[in-house]
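The file input_19.cif comes next; it holds mmCIF, N, CA and C atoms.
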```cif
data_my_file
#
loop_
_atom_site.label_atom_id
_atom_site.label_comp_id
_atom_site.auth_asym_id
_atom_site.auth_seq_id
_atom_site.Cartn_x
_atom_site.Cartn_y
_atom_site.Cartn_z
N MET A 72 -52.08 9.10 -124.18
CA MET A 72 -51.98 9.57 -125.53
C MET A 72 -51.41 8.44 -126.37
N PRO A 73 -52.08 8.13 -127.46
CA PRO A 73 -51.59 7.03 -128.28
C PRO A 73 -50.31 7.43 -129.00
N SER A 74 -49.44 6.45 -129.17
CA SER A 74 -48.19 6.76 -129.89
C SER A 74 -48.45 6.69 -131.38
N ILE A 75 -47.83 7.56 -132.04
CA ILE A 75 -47.97 7.61 -133.50
C ILE A 75 -46.68 7.06 -134.09
N ALA A 76 -46.84 6.05 -134.89
CA ALA A 76 -45.67 5.46 -135.54
C ALA A 76 -45.18 6.40 -136.63
N THR A 77 -43.89 6.65 -136.58
CA THR A 77 -43.32 7.51 -137.63
C THR A 77 -42.22 6.74 -138.34
N ALA A 78 -42.07 7.08 -139.55
CA ALA A 78 -41.01 6.45 -140.35
C ALA A 78 -39.67 7.01 -139.88
N PRO A 79 -38.65 6.15 -139.85
CA PRO A 79 -37.33 6.66 -139.45
C PRO A 79 -36.88 7.76 -140.42
N ALA A 80 -36.20 8.75 -139.86
CA ALA A 80 -35.72 9.86 -140.69
C ALA A 80 -34.69 9.33 -141.68
N ALA A 81 -34.79 9.80 -142.89
CA ALA A 81 -33.82 9.39 -143.92
C ALA A 81 -32.47 10.01 -143.61
N LYS A 82 -31.42 9.21 -143.72
CA LYS A 82 -30.08 9.73 -143.49
C LYS A 82 -29.65 10.54 -144.71
N PRO A 83 -29.01 11.67 -144.45
CA PRO A 83 -28.54 12.47 -145.60
C PRO A 83 -27.46 11.70 -146.35
N ALA A 84 -27.43 11.90 -147.64
CA ALA A 84 -26.41 11.23 -148.47
C ALA A 84 -25.03 11.72 -148.05
N LYS A 85 -24.08 10.80 -148.01
CA LYS A 85 -22.72 11.18 -147.64
C LYS A 85 -22.09 11.99 -148.76
N LYS A 86 -21.55 13.12 -148.37
CA LYS A 86 -20.87 13.98 -149.32
C LYS A 86 -19.39 13.63 -149.29
N ALA A 87 -18.79 13.50 -150.44
CA ALA A 87 -17.37 13.17 -150.52
C ALA A 87 -16.56 14.31 -149.94
N LEU A 88 -15.58 13.96 -149.12
CA LEU A 88 -14.70 14.97 -148.55
C LEU A 88 -13.73 15.48 -149.61
N PRO A 89 -13.39 16.75 -149.53
CA PRO A 89 -12.42 17.27 -150.50
C PRO A 89 -11.04 16.68 -150.23
N LYS A 90 -10.24 16.64 -151.26
CA LYS A 90 -8.86 16.16 -151.14
C LYS A 90 -8.10 17.10 -150.20
N PRO A 91 -7.31 16.57 -149.25
CA PRO A 91 -6.57 17.44 -148.34
C PRO A 91 -5.67 18.40 -149.11
N ASP A 92 -5.64 19.64 -148.68
CA ASP A 92 -4.83 20.65 -149.34
C ASP A 92 -4.44 21.71 -148.31
N SER A 93 -3.18 21.95 -148.14
CA SER A 93 -2.72 22.94 -147.16
C SER A 93 -2.73 24.36 -147.72
N ASP A 94 -3.11 24.53 -148.96
CA ASP A 94 -3.17 25.85 -149.58
C ASP A 94 -4.55 26.45 -149.32
N PHE A 95 -4.75 26.95 -148.10
CA PHE A 95 -6.06 27.43 -147.68
C PHE A 95 -6.55 28.65 -148.45
N LEU A 96 -5.66 29.40 -149.00
CA LEU A 96 -6.03 30.60 -149.74
C LEU A 96 -5.76 30.45 -151.24
N PRO A 97 -6.03 29.31 -151.80
CA PRO A 97 -5.64 28.86 -153.14
C PRO A 97 -4.61 29.71 -153.88
N ALA A 98 -3.49 30.00 -153.23
CA ALA A 98 -2.44 30.81 -153.85
C ALA A 98 -1.79 30.10 -155.02
N ARG A 99 -1.74 28.77 -154.99
CA ARG A 99 -1.09 28.03 -156.09
C ARG A 99 -1.79 28.30 -157.42
N ARG A 100 -3.06 28.61 -157.37
CA ARG A 100 -3.79 28.89 -158.62
C ARG A 100 -3.25 30.12 -159.32
N CYS A 101 -2.55 30.98 -158.58
CA CYS A 101 -2.01 32.21 -159.16
C CYS A 101 -0.64 31.99 -159.81
N LEU A 102 -0.09 30.80 -159.69
CA LEU A 102 1.22 30.52 -160.26
C LEU A 102 1.08 30.04 -161.70
N ASP A 103 2.11 30.32 -162.50
CA ASP A 103 2.09 29.79 -163.86
C ASP A 103 2.58 28.33 -163.83
N ALA A 104 2.55 27.68 -164.96
CA ALA A 104 2.87 26.24 -165.03
C ALA A 104 4.29 25.95 -164.54
N GLY A 105 5.25 26.79 -164.92
CA GLY A 105 6.63 26.58 -164.49
C GLY A 105 6.79 26.72 -162.98
N GLU A 106 6.10 27.70 -162.41
CA GLU A 106 6.17 27.91 -160.96
C GLU A 106 5.51 26.74 -160.21
N LYS A 107 4.39 26.27 -160.73
CA LYS A 107 3.73 25.11 -160.11
C LYS A 107 4.64 23.89 -160.17
N ALA A 108 5.34 23.73 -161.28
CA ALA A 108 6.27 22.60 -161.42
C ALA A 108 7.39 22.70 -160.39
N LEU A 109 7.89 23.90 -160.14
CA LEU A 109 8.94 24.08 -159.15
C LEU A 109 8.43 23.74 -157.75
N VAL A 110 7.23 24.18 -157.41
CA VAL A 110 6.65 23.87 -156.11
C VAL A 110 6.50 22.35 -155.95
N ARG A 111 6.04 21.68 -157.00
CA ARG A 111 5.92 20.21 -156.95
C ARG A 111 7.29 19.55 -156.80
N LYS A 112 8.29 20.08 -157.50
CA LYS A 112 9.65 19.54 -157.42
C LYS A 112 10.20 19.67 -155.99
N VAL A 113 9.94 20.80 -155.36
CA VAL A 113 10.38 21.01 -153.98
C VAL A 113 9.65 20.04 -153.05
N ARG A 114 8.35 19.87 -153.25
CA ARG A 114 7.59 18.93 -152.41
C ARG A 114 8.15 17.51 -152.55
N THR A 115 8.39 17.10 -153.77
CA THR A 115 8.94 15.76 -154.00
C THR A 115 10.29 15.61 -153.33
N TYR A 116 11.15 16.61 -153.47
CA TYR A 116 12.46 16.57 -152.83
C TYR A 116 12.32 16.40 -151.32
N MET A 117 11.49 17.22 -150.73
CA MET A 117 11.34 17.18 -149.28
C MET A 117 10.77 15.84 -148.81
N GLU A 118 9.83 15.30 -149.56
CA GLU A 118 9.22 14.04 -149.15
C GLU A 118 10.14 12.84 -149.37
N THR A 119 11.00 12.91 -150.37
CA THR A 119 11.86 11.75 -150.67
C THR A 119 13.24 11.82 -150.02
N LYS A 120 13.79 13.02 -149.89
CA LYS A 120 15.15 13.16 -149.36
C LYS A 120 15.18 13.54 -147.87
N VAL A 121 14.32 14.46 -147.47
CA VAL A 121 14.40 15.01 -146.11
C VAL A 121 13.52 14.23 -145.13
N GLN A 122 12.28 14.01 -145.50
CA GLN A 122 11.33 13.37 -144.57
C GLN A 122 11.82 12.03 -144.02
N PRO A 123 12.43 11.17 -144.84
CA PRO A 123 12.85 9.86 -144.30
C PRO A 123 13.94 9.94 -143.22
N ILE A 124 14.71 11.04 -143.18
CA ILE A 124 15.83 11.09 -142.25
C ILE A 124 15.75 12.17 -141.19
N ILE A 125 14.84 13.11 -141.33
CA ILE A 125 14.90 14.32 -140.51
C ILE A 125 14.64 14.09 -139.02
N ASN A 126 13.84 13.09 -138.66
CA ASN A 126 13.57 12.88 -137.24
C ASN A 126 14.83 12.54 -136.46
N LYS A 127 15.74 11.81 -137.07
CA LYS A 127 17.01 11.50 -136.41
C LYS A 127 17.78 12.79 -136.14
N TYR A 128 17.77 13.71 -137.08
CA TYR A 128 18.49 14.97 -136.89
C TYR A 128 17.86 15.81 -135.79
N TRP A 129 16.54 15.78 -135.73
CA TRP A 129 15.86 16.50 -134.65
C TRP A 129 16.27 15.89 -133.31
N SER A 130 16.29 14.58 -133.23
CA SER A 130 16.68 13.89 -131.99
C SER A 130 18.13 14.20 -131.62
N ASP A 131 18.99 14.31 -132.62
CA ASP A 131 20.41 14.56 -132.38
C ASP A 131 20.74 16.06 -132.28
N ASP A 132 19.72 16.91 -132.43
CA ASP A 132 19.93 18.36 -132.42
C ASP A 132 20.98 18.75 -133.45
N ALA A 133 20.76 18.29 -134.69
CA ALA A 133 21.72 18.51 -135.77
C ALA A 133 20.99 18.88 -137.06
N PHE A 134 21.75 19.28 -138.05
CA PHE A 134 21.20 19.64 -139.37
C PHE A 134 21.81 18.71 -140.42
N PRO A 135 21.03 18.25 -141.40
CA PRO A 135 21.54 17.31 -142.41
C PRO A 135 22.34 18.00 -143.51
N PHE A 136 23.55 18.44 -143.16
CA PHE A 136 24.39 19.16 -144.12
C PHE A 136 24.71 18.31 -145.36
N GLU A 137 24.70 16.99 -145.22
CA GLU A 137 25.02 16.15 -146.38
C GLU A 137 23.95 16.26 -147.48
N LEU A 138 22.78 16.82 -147.17
CA LEU A 138 21.75 17.01 -148.18
C LEU A 138 21.96 18.28 -149.01
N LEU A 139 22.86 19.14 -148.58
CA LEU A 139 23.01 20.43 -149.28
C LEU A 139 23.41 20.28 -150.75
N PRO A 140 24.29 19.33 -151.15
CA PRO A 140 24.57 19.20 -152.58
C PRO A 140 23.31 18.89 -153.41
N SER A 141 22.45 18.03 -152.91
CA SER A 141 21.23 17.72 -153.67
C SER A 141 20.22 18.87 -153.57
N PHE A 142 20.19 19.57 -152.45
CA PHE A 142 19.30 20.73 -152.30
C PHE A 142 19.72 21.83 -153.27
N LYS A 143 21.02 22.00 -153.43
CA LYS A 143 21.57 22.99 -154.36
C LYS A 143 21.03 22.77 -155.78
N GLU A 144 20.83 21.51 -156.16
CA GLU A 144 20.34 21.18 -157.50
C GLU A 144 18.94 21.72 -157.78
N LEU A 145 18.19 22.06 -156.73
CA LEU A 145 16.86 22.64 -156.94
C LEU A 145 16.95 24.06 -157.48
N GLN A 146 18.11 24.67 -157.39
CA GLN A 146 18.38 26.03 -157.90
C GLN A 146 17.42 27.06 -157.33
N LEU A 147 17.33 27.08 -156.01
CA LEU A 147 16.43 28.01 -155.32
C LEU A 147 17.15 29.24 -154.78
N GLY A 148 18.46 29.32 -154.94
CA GLY A 148 19.22 30.45 -154.40
C GLY A 148 18.77 31.77 -155.01
N GLY A 149 18.36 32.69 -154.17
CA GLY A 149 17.91 33.99 -154.65
C GLY A 149 16.51 33.97 -155.24
N LEU A 150 15.73 32.97 -154.87
CA LEU A 150 14.35 32.90 -155.35
C LEU A 150 13.62 34.19 -154.95
N GLY A 151 12.97 34.80 -155.90
CA GLY A 151 12.26 36.04 -155.64
C GLY A 151 13.04 37.28 -156.02
N PHE A 152 14.29 37.10 -156.43
CA PHE A 152 15.13 38.24 -156.82
C PHE A 152 15.63 38.05 -158.25
N GLU A 153 15.69 39.14 -159.00
CA GLU A 153 16.11 39.09 -160.40
C GLU A 153 17.56 39.53 -160.55
N GLY A 154 18.25 38.94 -161.51
CA GLY A 154 19.62 39.31 -161.82
C GLY A 154 20.62 38.73 -160.84
N TYR A 155 21.88 39.01 -161.07
CA TYR A 155 22.99 38.58 -160.21
C TYR A 155 23.04 37.07 -160.03
N GLY A 156 22.51 36.33 -160.98
CA GLY A 156 22.51 34.88 -160.88
C GLY A 156 21.41 34.31 -159.99
N CYS A 157 20.52 35.18 -159.52
CA CYS A 157 19.44 34.74 -158.63
C CYS A 157 18.40 33.94 -159.42
N ALA A 158 17.66 33.11 -158.70
CA ALA A 158 16.67 32.23 -159.33
C ALA A 158 15.49 32.99 -159.92
N GLY A 159 15.24 34.21 -159.47
CA GLY A 159 14.11 34.99 -159.98
C GLY A 159 12.80 34.51 -159.41
N GLY A 160 11.73 34.83 -160.10
CA GLY A 160 10.41 34.45 -159.63
C GLY A 160 9.84 35.49 -158.68
N SER A 161 8.62 35.26 -158.28
CA SER A 161 7.91 36.22 -157.44
C SER A 161 8.11 35.91 -155.96
N GLN A 162 7.78 36.88 -155.13
CA GLN A 162 7.81 36.66 -153.69
C GLN A 162 6.73 35.66 -153.28
N LYS A 163 5.65 35.61 -154.05
CA LYS A 163 4.60 34.61 -153.80
C LYS A 163 5.17 33.20 -154.01
N LEU A 164 5.96 33.03 -155.07
CA LEU A 164 6.60 31.75 -155.32
C LEU A 164 7.56 31.41 -154.18
N PHE A 165 8.33 32.41 -153.73
CA PHE A 165 9.22 32.20 -152.59
C PHE A 165 8.43 31.67 -151.39
N GLY A 166 7.30 32.30 -151.11
CA GLY A 166 6.47 31.90 -149.97
C GLY A 166 5.92 30.49 -150.11
N LEU A 167 5.48 30.12 -151.29
CA LEU A 167 4.93 28.78 -151.49
C LEU A 167 6.02 27.71 -151.44
N VAL A 168 7.22 28.05 -151.91
CA VAL A 168 8.34 27.12 -151.78
C VAL A 168 8.68 26.96 -150.29
N ALA A 169 8.72 28.07 -149.57
CA ALA A 169 8.99 28.00 -148.13
C ALA A 169 7.93 27.15 -147.43
N MET A 170 6.69 27.27 -147.84
CA MET A 170 5.61 26.48 -147.24
C MET A 170 5.86 24.99 -147.48
N GLU A 171 6.31 24.62 -148.66
CA GLU A 171 6.60 23.22 -148.95
C GLU A 171 7.77 22.71 -148.12
N LEU A 172 8.77 23.55 -147.93
CA LEU A 172 9.90 23.16 -147.09
C LEU A 172 9.44 22.95 -145.65
N ALA A 173 8.66 23.89 -145.14
CA ALA A 173 8.21 23.83 -143.75
C ALA A 173 7.23 22.69 -143.51
N ARG A 174 6.49 22.29 -144.53
CA ARG A 174 5.57 21.16 -144.40
C ARG A 174 6.27 19.92 -143.86
N VAL A 175 7.51 19.73 -144.30
CA VAL A 175 8.27 18.55 -143.91
C VAL A 175 9.21 18.86 -142.75
N ASP A 176 9.89 20.01 -142.79
CA ASP A 176 10.85 20.32 -141.74
C ASP A 176 11.06 21.82 -141.61
N ALA A 177 10.72 22.34 -140.45
CA ALA A 177 10.86 23.78 -140.19
C ALA A 177 12.31 24.24 -140.24
N SER A 178 13.24 23.37 -139.83
CA SER A 178 14.65 23.79 -139.84
C SER A 178 15.16 23.97 -141.26
N PHE A 179 14.72 23.15 -142.18
CA PHE A 179 15.13 23.31 -143.58
C PHE A 179 14.57 24.62 -144.14
N CYS A 180 13.33 24.91 -143.78
CA CYS A 180 12.71 26.17 -144.22
C CYS A 180 13.45 27.36 -143.62
N THR A 181 13.83 27.26 -142.36
CA THR A 181 14.57 28.35 -141.72
C THR A 181 15.92 28.54 -142.39
N PHE A 182 16.60 27.45 -142.67
CA PHE A 182 17.89 27.53 -143.37
C PHE A 182 17.72 28.26 -144.70
N PHE A 183 16.72 27.85 -145.47
CA PHE A 183 16.45 28.47 -146.76
C PHE A 183 16.09 29.96 -146.59
N GLY A 184 15.24 30.25 -145.63
CA GLY A 184 14.79 31.63 -145.42
C GLY A 184 15.92 32.55 -144.99
N VAL A 185 16.80 32.08 -144.13
CA VAL A 185 17.92 32.91 -143.69
C VAL A 185 18.88 33.15 -144.85
N HIS A 186 19.18 32.10 -145.60
CA HIS A 186 20.12 32.25 -146.71
C HIS A 186 19.53 33.09 -147.84
N SER A 187 18.43 32.61 -148.41
CA SER A 187 17.88 33.25 -149.61
C SER A 187 17.07 34.50 -149.31
N GLY A 188 16.45 34.55 -148.16
CA GLY A 188 15.61 35.70 -147.84
C GLY A 188 16.35 36.76 -147.05
N LEU A 189 16.74 36.42 -145.84
CA LEU A 189 17.37 37.40 -144.95
C LEU A 189 18.72 37.89 -145.49
N ALA A 190 19.65 36.99 -145.73
CA ALA A 190 20.99 37.41 -146.16
C ALA A 190 20.99 37.95 -147.59
N MET A 191 20.53 37.13 -148.54
CA MET A 191 20.55 37.59 -149.93
C MET A 191 19.61 38.77 -150.12
N GLY A 192 18.46 38.74 -149.46
CA GLY A 192 17.51 39.84 -149.58
C GLY A 192 18.07 41.15 -149.07
N SER A 193 18.81 41.10 -147.96
CA SER A 193 19.42 42.32 -147.42
C SER A 193 20.44 42.90 -148.38
N ILE A 194 21.25 42.02 -148.96
CA ILE A 194 22.24 42.49 -149.94
C ILE A 194 21.53 43.03 -151.18
N TYR A 195 20.52 42.30 -151.65
CA TYR A 195 19.80 42.69 -152.86
C TYR A 195 19.11 44.05 -152.70
N LEU A 196 18.50 44.25 -151.55
CA LEU A 196 17.73 45.48 -151.33
C LEU A 196 18.58 46.66 -150.87
N ASP A 197 19.60 46.41 -150.05
CA ASP A 197 20.34 47.51 -149.45
C ASP A 197 21.84 47.52 -149.72
N GLY A 198 22.34 46.51 -150.41
CA GLY A 198 23.78 46.46 -150.67
C GLY A 198 24.17 47.38 -151.80
N SER A 199 25.45 47.73 -151.81
CA SER A 199 25.99 48.52 -152.92
C SER A 199 26.05 47.62 -154.15
N GLU A 200 26.23 48.22 -155.29
CA GLU A 200 26.36 47.44 -156.52
C GLU A 200 27.55 46.49 -156.43
N GLU A 201 28.64 46.97 -155.83
CA GLU A 201 29.83 46.13 -155.65
C GLU A 201 29.52 44.92 -154.75
N GLN A 202 28.79 45.12 -153.67
CA GLN A 202 28.42 44.02 -152.78
C GLN A 202 27.51 43.03 -153.50
N LYS A 203 26.57 43.53 -154.28
CA LYS A 203 25.65 42.65 -155.02
C LYS A 203 26.43 41.77 -156.00
N ARG A 204 27.35 42.37 -156.76
CA ARG A 204 28.14 41.60 -157.73
C ARG A 204 29.06 40.60 -157.04
N LYS A 205 29.57 40.97 -155.87
CA LYS A 205 30.50 40.09 -155.17
C LYS A 205 29.79 38.91 -154.50
N TRP A 206 28.68 39.14 -153.84
CA TRP A 206 28.07 38.13 -152.99
C TRP A 206 26.89 37.38 -153.58
N LEU A 207 26.05 38.05 -154.33
CA LEU A 207 24.81 37.39 -154.77
C LEU A 207 25.05 36.21 -155.72
N PRO A 208 25.91 36.32 -156.75
CA PRO A 208 26.08 35.15 -157.62
C PRO A 208 26.56 33.89 -156.89
N PRO A 209 27.62 33.97 -156.05
CA PRO A 209 28.02 32.72 -155.37
C PRO A 209 27.00 32.25 -154.35
N MET A 210 26.26 33.17 -153.77
CA MET A 210 25.20 32.76 -152.83
C MET A 210 24.05 32.10 -153.58
N ALA A 211 23.73 32.61 -154.76
CA ALA A 211 22.67 32.00 -155.57
C ALA A 211 23.05 30.59 -156.00
N ARG A 212 24.33 30.36 -156.20
CA ARG A 212 24.82 29.02 -156.58
C ARG A 212 25.09 28.14 -155.35
N TRP A 213 24.86 28.68 -154.15
CA TRP A 213 25.10 27.99 -152.87
C TRP A 213 26.57 27.68 -152.65
N GLU A 214 27.46 28.46 -153.27
CA GLU A 214 28.89 28.32 -153.03
C GLU A 214 29.29 29.04 -151.74
N LYS A 215 28.60 30.10 -151.46
CA LYS A 215 28.74 30.84 -150.20
C LYS A 215 27.40 30.73 -149.50
N MET A 216 27.44 30.41 -148.22
CA MET A 216 26.18 30.25 -147.50
C MET A 216 26.12 31.14 -146.28
N ALA A 217 24.96 31.69 -146.07
CA ALA A 217 24.75 32.60 -144.94
C ALA A 217 24.30 31.86 -143.69
N ALA A 218 23.83 30.66 -143.83
CA ALA A 218 23.24 29.94 -142.69
C ALA A 218 23.77 28.52 -142.64
N SER A 219 25.07 28.38 -142.36
CA SER A 219 25.59 27.03 -142.41
C SER A 219 26.10 26.50 -141.06
N ASP A 220 26.65 27.30 -140.21
CA ASP A 220 27.16 26.77 -138.95
C ASP A 220 26.57 27.48 -137.77
#
```

Could I get this file's structure written as structure tokens?
Amino acid sequence: MPSIATAPAAKPAKKALPKPDSDFLPARRCLDAGEKALVRKVRTYMETKVQPIINKYWSDDAFPFELLPSFKELQLGGLGFEGYGCAGGSQKLFGLVAMELARVDASFCTFFGVHSGLAMGSIYLDGSEEQKRKWLPPMARWEKMAASD
């Protein structure tokens, strides 16, 4: 059987890859401009303050407590809760901030989640009015911490 010469198949045009994004369910699109700015601020903080030093802490089985004064400046205490000096915002915002923390270091995210979510959330949802007034404002200001030692 004679061979039939065929033209080489044309290669498909290369399609540009999308920019990497860990927000698989485009939740950030649901945030307003101020909330998006806060998420970006948290990402910048984690990438500039935590990421450069955190591997040493993992190796030493320790937590970078010296970062807490600068972390406090992000004003995330009580994120997702209204009143009592809490940062406010939605639970969706709380989740996206937690995602940014965990992107760089799971222990920082756990610290934040135990303090602002578990401890403050329990007081906010089930505490008496007296307990809320006593504990939530200083916890929101990071003067009292639920997850420190």

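Those residues returned by the PyMOL selection byres ((chain A and resi 185-201) around 8) for this file are Leu147, Gly148, Gly149, Leu150, Gly151, Phe152, Phe179, Cys180, Thr181, Phe182, Phe183, Gly184, Gln202, Lys203, Arg204, Lys205, Trp206, Leu207, Met210, Ala211, Lys215, Met216, Ala217, Ala218 and Ser219 of chain A.
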
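The spacing separating atom N of Gly166 in chain A from CA of Gln122 in chain A amounts to 20.4 Å.
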
At a cut-off of 6.5 Å, using only N, CA and C atoms, what residues contact range 104-119 of chain A? Leave out same-chain residues fewer than 3 positions from it and give the result as a compact mmCIF listing (two decimals) with N, CA and C atoms, in the frame of the given file.
```txt
# COMPACT_ATOMS: atom_id res chain seq x y z
N GLN A 122 12.28 14.01 -145.50
CA GLN A 122 11.33 13.37 -144.57
C GLN A 122 11.82 12.03 -144.02
N PRO A 123 12.43 11.17 -144.84
CA PRO A 123 12.85 9.86 -144.30
C PRO A 123 13.94 9.94 -143.22
N LEU A 167 5.48 30.12 -151.29
CA LEU A 167 4.93 28.78 -151.49
C LEU A 167 6.02 27.71 -151.44
N VAL A 168 7.22 28.05 -151.91
CA VAL A 168 8.34 27.12 -151.78
C VAL A 168 8.68 26.96 -150.29
N GLU A 171 6.31 24.62 -148.66
CA GLU A 171 6.60 23.22 -148.95
C GLU A 171 7.77 22.71 -148.12
N LEU A 172 8.77 23.55 -147.93
CA LEU A 172 9.90 23.16 -147.09
C LEU A 172 9.44 22.95 -145.65
N VAL A 175 7.51 19.73 -144.30
CA VAL A 175 8.27 18.55 -143.91
C VAL A 175 9.21 18.86 -142.75
```

Range 73-159 of chain A: which residues are helix (DSSP H, G or I) by DSSP, as a VMD selection string? chain A and resid 98 to 101 104 to 121 125 to 131 136 to 143

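Note that atom C of Tyr128 in chain A and atom N of Asp176 in chain A are 11.4 Å apart.
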
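Of the listed residues (A:Lys143, A:Ala133, A:Ser178, A:Lys120), A:Lys143 comes nearest to Trp213 in chain A; the distances count all atoms listed in the file.
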
For Ala158 in chain A, the closest of A:Arg212, A:Glu144, A:Ala177, A:Asn126 counting all atoms listed in the file is A:Arg212

From the coordinates supplied, range 155-162 of chain A should be written with all heavy atoms, as a short mmCIF file (atom, residue, chain, number, x, y, z; two decimals), in the first residue's frame.
```cif
data_model
loop_
_atom_site.label_atom_id
_atom_site.label_comp_id
_atom_site.auth_asym_id
_atom_site.auth_seq_id
_atom_site.Cartn_x
_atom_site.Cartn_y
_atom_site.Cartn_z
N TYR A 155 -19.73 45.77 71.42
CA TYR A 155 -18.77 45.39 72.46
C TYR A 155 -17.32 45.63 72.05
O TYR A 155 -16.41 44.96 72.52
CB TYR A 155 -18.95 43.92 72.88
CG TYR A 155 -20.36 43.58 73.28
CD1 TYR A 155 -21.21 42.94 72.39
CD2 TYR A 155 -20.84 43.93 74.55
CE1 TYR A 155 -22.51 42.63 72.75
CE2 TYR A 155 -22.14 43.63 74.90
CZ TYR A 155 -22.98 42.97 74.00
OH TYR A 155 -24.28 42.68 74.37
N GLY A 156 -17.10 46.55 71.14
CA GLY A 156 -15.75 46.84 70.68
C GLY A 156 -15.22 45.85 69.64
O GLY A 156 -14.05 45.92 69.28
N CYS A 157 -16.07 44.95 69.19
CA CYS A 157 -15.66 43.94 68.21
C CYS A 157 -15.45 44.59 66.84
O CYS A 157 -16.03 45.63 66.54
CB CYS A 157 -16.69 42.83 68.11
SG CYS A 157 -16.82 41.85 69.63
N ALA A 158 -14.65 43.93 66.02
CA ALA A 158 -14.31 44.47 64.70
C ALA A 158 -15.50 44.49 63.74
O ALA A 158 -15.49 45.22 62.76
CB ALA A 158 -13.17 43.66 64.10
N GLY A 159 -16.52 43.69 63.99
CA GLY A 159 -17.69 43.65 63.11
C GLY A 159 -17.40 42.88 61.84
O GLY A 159 -16.46 42.08 61.78
N GLY A 160 -18.19 43.14 60.83
CA GLY A 160 -18.02 42.43 59.57
C GLY A 160 -18.80 41.13 59.56
O GLY A 160 -19.39 40.72 60.54
N SER A 161 -18.76 40.48 58.42
CA SER A 161 -19.54 39.25 58.24
C SER A 161 -18.72 38.02 58.60
O SER A 161 -17.50 38.06 58.70
CB SER A 161 -19.98 39.15 56.78
OG SER A 161 -18.84 38.97 55.95
N GLN A 162 -19.41 36.92 58.77
CA GLN A 162 -18.73 35.64 58.99
C GLN A 162 -17.96 35.23 57.73
O GLN A 162 -16.93 34.56 57.83
CB GLN A 162 -19.73 34.56 59.39
CG GLN A 162 -20.29 34.78 60.79
CD GLN A 162 -19.23 34.71 61.86
OE1 GLN A 162 -18.47 33.76 61.94
NE2 GLN A 162 -19.15 35.75 62.69
#
```
